[in-house]
>>> print(open('final.tsv').read())   # TSV, C-alpha atoms
chain	number	residue	atom	x	y	z
U	1	GLU	CA	90.35	147.14	119.65
U	2	ALA	CA	86.57	147.37	119.68
U	3	GLN	CA	85.32	145.82	122.87
U	4	VAL	CA	83.00	145.79	125.85
U	5	THR	CA	84.75	145.65	129.21
U	6	GLN	CA	83.31	144.68	132.57
U	7	ASN	CA	84.72	144.99	136.06
U	8	PRO	CA	85.14	143.12	138.24
U	9	ARG	CA	85.29	139.76	136.49
U	10	TYR	CA	84.71	137.88	139.74
U	11	LEU	CA	83.06	139.08	142.92
U	12	ILE	CA	82.10	137.37	146.15
U	13	THR	CA	80.03	139.46	148.54
U	14	VAL	CA	77.61	139.16	151.41
U	15	THR	CA	73.89	139.72	151.54
U	16	GLY	CA	72.92	143.37	151.73
U	17	LYS	CA	76.27	144.92	150.82
U	18	LYS	CA	75.75	147.35	147.92
U	19	LEU	CA	77.84	146.71	144.84
U	20	THR	CA	78.35	148.08	141.35
U	21	VAL	CA	79.47	146.23	138.25
U	22	THR	CA	80.89	148.56	135.65
U	23	CYS	CA	80.47	148.23	131.89
U	24	SER	CA	82.16	150.29	129.22
U	25	GLN	CA	82.19	150.14	125.42
U	26	ASN	CA	84.46	151.91	122.97
U	27	MET	CA	82.36	151.49	119.82
U	28	ASN	CA	80.16	154.59	120.22
U	29	HIS	CA	77.11	152.34	120.42
U	30	GLU	CA	73.71	153.82	121.22
U	31	TYR	CA	72.25	150.71	122.81
U	32	MET	CA	73.48	148.88	125.90
U	33	SER	CA	71.98	146.09	127.93
U	34	TRP	CA	72.55	143.87	130.95
U	35	TYR	CA	71.80	140.15	131.10
U	36	ARG	CA	72.11	137.44	133.68
U	37	GLN	CA	72.91	133.88	132.67
U	38	ASP	CA	71.71	130.96	134.77
U	39	PRO	CA	71.90	127.23	133.95
U	40	GLY	CA	68.83	126.02	132.12
U	41	LEU	CA	67.46	129.54	131.72
U	42	GLY	CA	69.75	131.02	129.10
U	43	LEU	CA	70.31	134.76	129.19
U	44	ARG	CA	67.63	136.98	130.62
U	45	GLN	CA	67.57	140.72	130.06
U	46	ILE	CA	67.72	142.84	133.20
U	47	TYR	CA	67.75	146.41	131.89
U	48	TYR	CA	68.54	148.13	128.63
U	49	SER	CA	69.33	151.64	127.50
U	50	MET	CA	68.50	153.12	124.12
U	51	ASN	CA	70.70	156.15	124.68
U	52	VAL	CA	72.09	158.46	127.35
U	53	GLU	CA	69.60	159.02	130.17
U	54	VAL	CA	67.11	156.59	128.56
U	55	THR	CA	66.71	153.22	130.26
U	56	ASP	CA	63.97	150.63	130.56
U	57	LYS	CA	63.27	147.36	132.31
U	58	GLY	CA	63.95	144.02	130.74
U	59	ASP	CA	62.44	140.72	131.85
U	60	VAL	CA	64.06	140.44	135.31
U	61	PRO	CA	64.70	143.95	136.70
U	62	GLU	CA	63.79	143.33	140.35
U	63	GLY	CA	66.68	144.06	142.72
U	64	TYR	CA	68.75	145.92	140.13
U	65	LYS	CA	69.35	149.53	139.15
U	66	VAL	CA	71.14	151.06	136.21
U	67	SER	CA	72.18	154.50	135.03
U	68	ARG	CA	73.39	155.86	131.69
U	69	LYS	CA	75.04	159.20	132.26
U	70	GLU	CA	77.58	158.77	129.47
U	71	LYS	CA	77.22	156.98	126.17
U	72	ARG	CA	80.12	154.60	126.80
U	73	ASN	CA	79.24	153.51	130.38
U	74	PHE	CA	76.32	151.52	131.75
U	75	PRO	CA	76.88	150.38	135.36
U	76	LEU	CA	74.70	147.76	137.05
U	77	ILE	CA	73.91	148.46	140.69
U	78	LEU	CA	72.74	145.97	143.29
U	79	GLU	CA	71.58	148.06	146.24
U	80	SER	CA	71.00	145.11	148.58
U	81	PRO	CA	72.22	141.88	146.99
U	82	SER	CA	70.58	138.60	147.91
U	83	PRO	CA	71.73	135.00	147.29
U	84	ASN	CA	69.24	134.60	144.41
U	85	GLN	CA	71.26	137.21	142.52
U	86	THR	CA	74.21	134.84	142.40
U	87	SER	CA	74.74	134.53	138.67
U	88	LEU	CA	76.90	135.26	135.64
U	89	TYR	CA	76.27	138.77	134.36
U	90	PHE	CA	76.90	140.07	130.86
U	91	CYS	CA	76.88	143.58	129.50
U	92	ALA	CA	76.27	144.07	125.79
U	93	SER	CA	76.15	146.94	123.33
U	94	SER	CA	75.00	147.44	119.78
U	95	LEU	CA	74.78	150.21	117.25
U	96	ARG	CA	71.04	149.83	117.41
U	97	GLN	CA	68.55	147.28	118.59
U	98	GLY	CA	65.84	145.81	116.42
U	99	GLY	CA	68.18	143.83	114.25
U	100	GLY	CA	71.61	144.91	115.27
U	101	GLU	CA	74.40	142.63	116.39
U	102	GLN	CA	75.02	142.79	120.11
U	103	TYR	CA	78.61	142.70	121.35
U	104	PHE	CA	79.00	141.05	124.72
U	105	GLY	CA	81.52	141.68	127.45
U	106	PRO	CA	83.50	138.85	129.07
U	107	GLY	CA	81.09	138.44	131.97
U	108	THR	CA	81.12	139.00	135.73
U	109	ARG	CA	80.62	136.03	138.00
U	110	LEU	CA	78.88	137.21	141.17
U	111	THR	CA	78.42	135.13	144.29
U	112	VAL	CA	76.25	136.46	147.13
U	113	THR	CA	76.56	134.55	150.40
M	1	GLN	CA	58.60	132.48	131.42
M	2	GLN	CA	60.77	131.65	128.45
M	3	GLN	CA	59.56	133.48	125.35
M	4	VAL	CA	61.78	131.37	123.14
M	5	LYS	CA	61.85	127.61	123.69
M	6	GLN	CA	65.01	125.81	122.60
M	7	SER	CA	65.80	122.11	122.26
M	8	PRO	CA	67.67	119.90	122.82
M	9	GLN	CA	69.46	120.96	125.98
M	10	SER	CA	72.59	119.17	124.82
M	11	LEU	CA	73.76	117.02	121.95
M	12	ILE	CA	76.79	115.00	121.00
M	13	VAL	CA	77.80	114.59	117.37
M	14	GLN	CA	80.68	112.89	115.62
M	15	LYS	CA	83.15	114.95	113.64
M	16	GLY	CA	81.73	115.48	110.17
M	17	GLY	CA	78.14	114.99	111.32
M	18	ILE	CA	75.22	117.39	111.35
M	19	SER	CA	74.05	119.22	114.48
M	20	ILE	CA	70.48	120.48	114.56
M	21	ILE	CA	69.06	122.83	117.18
M	22	ASN	CA	65.42	123.87	117.21
M	23	CYS	CA	63.66	126.92	118.59
M	24	ALA	CA	60.04	128.01	118.82
M	25	TYR	CA	58.42	131.31	119.73
M	26	GLU	CA	54.94	132.68	120.33
M	27	ASN	CA	55.25	136.44	119.94
M	28	THR	CA	54.54	137.28	116.30
M	29	ALA	CA	55.98	140.77	116.84
M	30	PHE	CA	59.50	139.33	116.87
M	31	ASP	CA	61.27	140.48	113.71
M	32	TYR	CA	64.89	139.44	114.10
M	33	PHE	CA	66.19	135.99	114.97
M	34	PRO	CA	69.89	135.69	115.78
M	35	TRP	CA	71.94	132.74	116.93
M	36	TYR	CA	74.77	133.27	119.38
M	37	GLN	CA	77.73	130.99	120.07
M	38	GLN	CA	79.38	130.92	123.47
M	39	PHE	CA	82.66	129.25	124.45
M	40	PRO	CA	83.46	128.53	128.11
M	41	GLY	CA	84.58	131.64	129.97
M	42	LYS	CA	83.55	133.97	127.14
M	43	GLY	CA	80.61	136.15	126.31
M	44	PRO	CA	78.20	135.10	123.54
M	45	ALA	CA	79.10	136.16	120.01
M	46	LEU	CA	76.75	136.53	117.05
M	47	LEU	CA	76.97	133.56	114.72
M	48	ILE	CA	74.23	134.11	112.16
M	49	ALA	CA	70.86	135.87	112.02
M	50	ILE	CA	67.70	135.90	109.93
M	51	ARG	CA	64.63	138.06	109.40
M	52	PRO	CA	61.16	136.52	108.98
M	53	ASP	CA	60.87	137.47	105.31
M	54	VAL	CA	63.52	134.87	104.45
M	55	SER	CA	63.06	131.10	104.88
M	56	GLU	CA	66.72	130.12	104.90
M	57	LYS	CA	70.11	131.72	105.36
M	58	LYS	CA	73.46	130.03	104.97
M	59	GLU	CA	76.87	131.19	106.07
M	60	GLY	CA	79.60	128.64	105.54
M	61	ARG	CA	78.71	125.47	107.45
M	62	PHE	CA	75.93	127.19	109.41
M	63	THR	CA	72.34	127.41	108.11
M	64	ILE	CA	69.22	128.89	109.66
M	65	SER	CA	65.88	127.51	108.52
M	66	PHE	CA	62.87	129.66	109.35
M	67	ASN	CA	59.21	128.64	109.31
M	68	LYS	CA	57.08	131.72	109.93
M	69	SER	CA	53.72	129.94	109.92
M	70	ALA	CA	54.90	127.39	112.50
M	71	LYS	CA	56.79	130.05	114.48
M	72	GLN	CA	59.86	127.86	114.50
M	73	PHE	CA	63.45	128.23	113.42
M	74	SER	CA	66.46	125.99	113.56
M	75	LEU	CA	70.23	126.01	113.25
M	76	HIS	CA	72.02	123.35	111.23
M	77	ILE	CA	75.76	122.89	111.63
M	78	MET	CA	77.08	120.88	108.71
M	79	ASP	CA	80.33	118.93	108.79
M	80	SER	CA	80.63	119.56	112.53
M	81	GLN	CA	84.19	120.12	113.81
M	82	PRO	CA	85.67	119.84	117.32
M	83	GLY	CA	86.08	123.63	117.29
M	84	ASP	CA	82.29	123.94	117.04
M	85	SER	CA	81.95	122.53	120.56
M	86	ALA	CA	80.20	125.36	122.39
M	87	THR	CA	76.86	126.48	123.75
M	88	TYR	CA	74.44	127.86	121.18
M	89	PHE	CA	71.61	130.24	121.97
M	90	CYS	CA	68.74	131.14	119.71
M	91	ALA	CA	67.11	134.50	120.31
M	92	ALA	CA	64.29	136.68	119.09
M	93	SER	CA	64.10	140.43	119.05
M	94	ASN	CA	61.43	143.06	118.93
M	95	ASP	CA	62.60	146.69	119.05
M	96	TYR	CA	64.82	146.96	122.11
M	97	LYS	CA	64.20	143.64	123.82
M	98	LEU	CA	66.10	140.46	123.04
M	99	SER	CA	64.76	137.16	124.38
M	100	PHE	CA	67.07	134.14	124.48
M	101	GLY	CA	66.41	130.42	124.49
M	102	ALA	CA	67.84	128.30	127.29
M	103	GLY	CA	70.84	127.20	125.24
M	104	THR	CA	72.15	123.96	123.70
M	105	THR	CA	75.54	122.56	124.57
M	106	VAL	CA	77.07	120.93	121.50
M	107	THR	CA	79.95	118.48	121.86
M	108	VAL	CA	81.71	117.33	118.72
M	109	ARG	CA	83.68	114.11	119.18
M	110	ALA	CA	86.81	113.72	117.08
>>> encode(input="final.tsv", output="structure tokens")
Amino acid sequence: EAQVTQNPRYLITVTGKKLTVTCSQNMNHEYMSWYRQDPGLGLRQIYYSMNVEVTDKGDVPEGYKVSRKEKRNFPLILESPSPNQTSLYFCASSLRQGGGEQYFGPGTRLTVT
Amino acid sequence: QQQVKQSPQSLIVQKGGISIINCAYENTAFDYFPWYQQFPGKGPALLIAIRPDVSEKKEGRFTISFNKSAKQFSLHIMDSQPGDSATYFCAASNDYKLSFGAGTTVTVRA
């Protein structure tokens, strides 16, 4: 089954404790992206990757890191999480951007206390 | 700063009625305008999309109307059904960046 998977689905952590949210797709897509969803703000793009080893900032990259060492994986790293990063996070992939359908993962709900 | 402004924030419609969601943008470089549908506990899924060279696109009960000169586009849900109850996001894309509206929660009453 073609899909985007994220782990963990739920995470509660404390301020400053480094964490990684994994994202994997099995559709051989070139493009992957991370979003955060907050009430009243919709989805905001954090980082995106056009291909392996090629990443760029989205609209809200502060406090986040990403890497794209393999085509199928695109982990999101929070080096020192803060309470304002409490949010619902989505990973997405598409064959190409600029008009391509994005396939979203099921989401990761992160709480930073 | 929201690059795509979406309204209303929520709406309630009777079964069989029409739901209308409006979006506006400023960046004329946007060249792809998708609508995503999201059910509780799920990720968004593409519903329908349009390019600016077309003024209207229809897929089943869902229609996008696009007004390039006004920089506005809207989603019409005809004959709304309880299963259409979800959050709808408009979006606009330019190359590798996708900007979403704030979302509209649609509730269809049986």
>>> interface_residues(input="final.tsv", of="chain U", to="chain M", cutoff="7 Å", atoms="only C-alpha atoms", output="PyMOL selection string")
chain U and resi 40-44+58+97-99+101+103-107
>>> write_last_selection(input="final.tsv", atoms="C-alpha atoms", output="mmCIF file, in the coordinates of the input")
data_model
loop_
_atom_site.group_PDB
_atom_site.id
_atom_site.type_symbol
_atom_site.label_atom_id
_atom_site.label_comp_id
_atom_site.auth_asym_id
_atom_site.auth_seq_id
_atom_site.Cartn_x
_atom_site.Cartn_y
_atom_site.Cartn_z
ATOM 1 C CA GLY U 40 68.830 126.020 132.120
ATOM 2 C CA LEU U 41 67.460 129.540 131.720
ATOM 3 C CA GLY U 42 69.750 131.020 129.100
ATOM 4 C CA LEU U 43 70.310 134.760 129.190
ATOM 5 C CA ARG U 44 67.630 136.980 130.620
ATOM 6 C CA GLY U 58 63.950 144.020 130.740
ATOM 7 C CA GLN U 97 68.550 147.280 118.590
ATOM 8 C CA GLY U 98 65.840 145.810 116.420
ATOM 9 C CA GLY U 99 68.180 143.830 114.250
ATOM 10 C CA GLU U 101 74.400 142.630 116.390
ATOM 11 C CA TYR U 103 78.610 142.700 121.350
ATOM 12 C CA PHE U 104 79.000 141.050 124.720
ATOM 13 C CA GLY U 105 81.520 141.680 127.450
ATOM 14 C CA PRO U 106 83.500 138.850 129.070
ATOM 15 C CA GLY U 107 81.090 138.440 131.970
#
>>> atom_distance(input="final.tsv", atom1="atom CA of U:Pro81", atom2="atom CA of U:Asn7")
16.9 Å
>>> closest_residue(input="final.tsv", among="U:Ser33, U:Thr111, U:Gln25, U:Thr5", to="U:Gln85", atoms="all atoms listed in the file")
U:Thr111
>>> atom_distance(input="final.tsv", atom1="atom CA of U:Val4", atom2="atom CA of U:Leu19")
19.7 Å
>>> residues_around(input="final.tsv", residues="U:Asn73", least_positions_apart="3", cutoff="12 Å", atoms="all atoms listed in the file", output="MDAnalysis selection string")
chainID U and resid 4:7 21:34 49 51:53 66:70 76 91:93
>>> write_last_selection(input="final.tsv", atoms="C-alpha atoms", output="mmCIF file, in the frame of the given file")
data_model
loop_
_atom_site.group_PDB
_atom_site.id
_atom_site.type_symbol
_atom_site.label_atom_id
_atom_site.label_comp_id
_atom_site.auth_asym_id
_atom_site.auth_seq_id
_atom_site.Cartn_x
_atom_site.Cartn_y
_atom_site.Cartn_z
ATOM 1 C CA VAL U 4 83.000 145.790 125.850
ATOM 2 C CA THR U 5 84.750 145.650 129.210
ATOM 3 C CA GLN U 6 83.310 144.680 132.570
ATOM 4 C CA ASN U 7 84.720 144.990 136.060
ATOM 5 C CA VAL U 21 79.470 146.230 138.250
ATOM 6 C CA THR U 22 80.890 148.560 135.650
ATOM 7 C CA CYS U 23 80.470 148.230 131.890
ATOM 8 C CA SER U 24 82.160 150.290 129.220
ATOM 9 C CA GLN U 25 82.190 150.140 125.420
ATOM 10 C CA ASN U 26 84.460 151.910 122.970
ATOM 11 C CA MET U 27 82.360 151.490 119.820
ATOM 12 C CA ASN U 28 80.160 154.590 120.220
ATOM 13 C CA HIS U 29 77.110 152.340 120.420
ATOM 14 C CA GLU U 30 73.710 153.820 121.220
ATOM 15 C CA TYR U 31 72.250 150.710 122.810
ATOM 16 C CA MET U 32 73.480 148.880 125.900
ATOM 17 C CA SER U 33 71.980 146.090 127.930
ATOM 18 C CA TRP U 34 72.550 143.870 130.950
ATOM 19 C CA SER U 49 69.330 151.640 127.500
ATOM 20 C CA ASN U 51 70.700 156.150 124.680
ATOM 21 C CA VAL U 52 72.090 158.460 127.350
ATOM 22 C CA GLU U 53 69.600 159.020 130.170
ATOM 23 C CA VAL U 66 71.140 151.060 136.210
ATOM 24 C CA SER U 67 72.180 154.500 135.030
ATOM 25 C CA ARG U 68 73.390 155.860 131.690
ATOM 26 C CA LYS U 69 75.040 159.200 132.260
ATOM 27 C CA GLU U 70 77.580 158.770 129.470
ATOM 28 C CA LEU U 76 74.700 147.760 137.050
ATOM 29 C CA CYS U 91 76.880 143.580 129.500
ATOM 30 C CA ALA U 92 76.270 144.070 125.790
ATOM 31 C CA SER U 93 76.150 146.940 123.330
#
>>> residues_around(input="final.tsv", residues="M:Leu75", least_positions_apart="6", cutoff="9 Å", atoms="only C-alpha atoms", output="ChimeraX atom specification")
/M:19-23,35,62-65,90
>>> residues_around(input="final.tsv", residues="U:Glu62", least_positions_apart="3", cutoff="12 Å", atoms="only C-alpha atoms", output="list in words")
Gln45, Ile46, Tyr47, Lys57, Gly58, Asp59, Lys65, Val66, Ile77, Leu78, Glu79, Ser80, Pro81, Ser82, Asn84 and Gln85 of chain U
>>> atom_distance(input="final.tsv", atom1="atom CA of U:Arg72", atom2="atom CA of U:Phe90")
15.4 Å
>>> residues_around(input="final.tsv", residues="M:Gly83", least_positions_apart="6", cutoff="12 Å", atoms="all atoms listed in the file", output="VMD selection string")
chain M and resid 15 to 16 37 to 39 77 106 to 110
>>> axis_aligned_box(input="final.tsv", around="stretch 51-58 of chain U", padding_each_side="6 Å", output="lines of an AutoDock Vina configuration file")
center_x = 67.7
center_y = 151.5
center_z = 128.5
size_x = 20.8
size_y = 27.0
size_z = 19.6
>>> decode(input="final.tsv", residues="stretch 77-91 of chain M", atoms="all heavy atoms", output="short mmCIF file (atom, residue, chain, number, x, y, z; two decimals), in the first residue's frame")
data_model
loop_
_atom_site.label_atom_id
_atom_site.label_comp_id
_atom_site.auth_asym_id
_atom_site.auth_seq_id
_atom_site.Cartn_x
_atom_site.Cartn_y
_atom_site.Cartn_z
N ILE M 77 -19.49 22.94 -2.60
CA ILE M 77 -19.89 21.54 -2.37
C ILE M 77 -21.40 21.48 -2.58
O ILE M 77 -22.17 22.03 -1.79
CB ILE M 77 -19.52 21.06 -0.96
CG1 ILE M 77 -18.04 21.30 -0.69
CG2 ILE M 77 -19.85 19.57 -0.82
CD1 ILE M 77 -17.61 20.97 0.75
N MET M 78 -21.80 20.85 -3.65
CA MET M 78 -23.23 20.74 -3.98
C MET M 78 -23.83 19.53 -3.28
O MET M 78 -23.11 18.55 -3.01
CB MET M 78 -23.41 20.61 -5.49
CG MET M 78 -22.61 21.59 -6.32
SD MET M 78 -23.02 23.30 -5.98
CE MET M 78 -24.62 23.36 -6.79
N ASP M 79 -25.12 19.61 -3.01
CA ASP M 79 -25.83 18.47 -2.40
C ASP M 79 -25.02 17.91 -1.23
O ASP M 79 -24.71 16.71 -1.18
CB ASP M 79 -26.07 17.39 -3.47
CG ASP M 79 -26.91 16.23 -2.98
OD1 ASP M 79 -27.72 16.44 -2.05
OD2 ASP M 79 -26.77 15.11 -3.51
N SER M 80 -24.68 18.77 -0.29
CA SER M 80 -23.82 18.38 0.82
C SER M 80 -24.39 17.18 1.59
O SER M 80 -25.60 17.09 1.83
CB SER M 80 -23.65 19.55 1.79
OG SER M 80 -22.97 20.62 1.15
N GLN M 81 -23.49 16.26 1.96
CA GLN M 81 -23.85 15.04 2.67
C GLN M 81 -23.15 14.99 4.02
O GLN M 81 -22.08 15.57 4.20
CB GLN M 81 -23.46 13.82 1.85
CG GLN M 81 -24.12 13.74 0.48
CD GLN M 81 -25.63 13.60 0.60
OE1 GLN M 81 -26.13 12.77 1.36
NE2 GLN M 81 -26.35 14.42 -0.15
N PRO M 82 -23.73 14.27 4.99
CA PRO M 82 -23.07 14.17 6.31
C PRO M 82 -21.62 13.70 6.21
O PRO M 82 -20.77 14.12 7.01
CB PRO M 82 -23.95 13.17 7.06
CG PRO M 82 -25.32 13.37 6.46
CD PRO M 82 -25.07 13.65 5.00
N GLY M 83 -21.32 12.86 5.24
CA GLY M 83 -19.95 12.38 5.05
C GLY M 83 -18.99 13.45 4.58
O GLY M 83 -17.77 13.23 4.56
N ASP M 84 -19.52 14.61 4.18
CA ASP M 84 -18.66 15.73 3.77
C ASP M 84 -18.19 16.55 4.97
O ASP M 84 -17.37 17.46 4.81
CB ASP M 84 -19.43 16.67 2.83
CG ASP M 84 -19.83 16.01 1.52
OD1 ASP M 84 -19.13 15.07 1.10
OD2 ASP M 84 -20.86 16.42 0.94
N SER M 85 -18.72 16.24 6.15
CA SER M 85 -18.31 16.96 7.36
C SER M 85 -16.82 16.74 7.59
O SER M 85 -16.36 15.61 7.81
CB SER M 85 -19.11 16.48 8.57
OG SER M 85 -20.48 16.80 8.42
N ALA M 86 -16.06 17.81 7.52
CA ALA M 86 -14.60 17.73 7.58
C ALA M 86 -14.06 19.15 7.62
O ALA M 86 -14.82 20.12 7.56
CB ALA M 86 -14.05 17.00 6.35
N THR M 87 -12.74 19.26 7.71
CA THR M 87 -12.08 20.55 7.58
C THR M 87 -11.49 20.65 6.18
O THR M 87 -10.84 19.71 5.71
CB THR M 87 -10.99 20.74 8.64
OG1 THR M 87 -11.60 20.68 9.94
CG2 THR M 87 -10.31 22.09 8.49
N TYR M 88 -11.72 21.77 5.53
CA TYR M 88 -11.26 21.98 4.17
C TYR M 88 -10.22 23.09 4.15
O TYR M 88 -10.41 24.15 4.76
CB TYR M 88 -12.43 22.35 3.26
CG TYR M 88 -13.41 21.21 3.11
CD1 TYR M 88 -14.38 20.95 4.08
CD2 TYR M 88 -13.35 20.36 2.01
CE1 TYR M 88 -15.26 19.88 3.97
CE2 TYR M 88 -14.23 19.30 1.88
CZ TYR M 88 -15.16 19.07 2.86
OH TYR M 88 -16.03 18.00 2.74
N PHE M 89 -9.12 22.83 3.47
CA PHE M 89 -8.04 23.80 3.34
C PHE M 89 -7.85 24.17 1.88
O PHE M 89 -7.68 23.27 1.03
CB PHE M 89 -6.72 23.24 3.87
CG PHE M 89 -6.69 22.97 5.34
CD1 PHE M 89 -6.95 21.72 5.84
CD2 PHE M 89 -6.39 23.99 6.24
CE1 PHE M 89 -6.91 21.45 7.19
CE2 PHE M 89 -6.34 23.74 7.60
CZ PHE M 89 -6.60 22.47 8.07
N CYS M 90 -7.83 25.45 1.57
CA CYS M 90 -7.36 25.86 0.26
C CYS M 90 -5.85 26.06 0.37
O CYS M 90 -5.30 26.20 1.46
CB CYS M 90 -8.04 27.15 -0.19
SG CYS M 90 -7.76 28.59 0.85
N ALA M 91 -5.19 26.03 -0.77
CA ALA M 91 -3.74 26.19 -0.78
C ALA M 91 -3.32 26.79 -2.11
O ALA M 91 -4.09 26.78 -3.09
CB ALA M 91 -3.04 24.85 -0.54
#
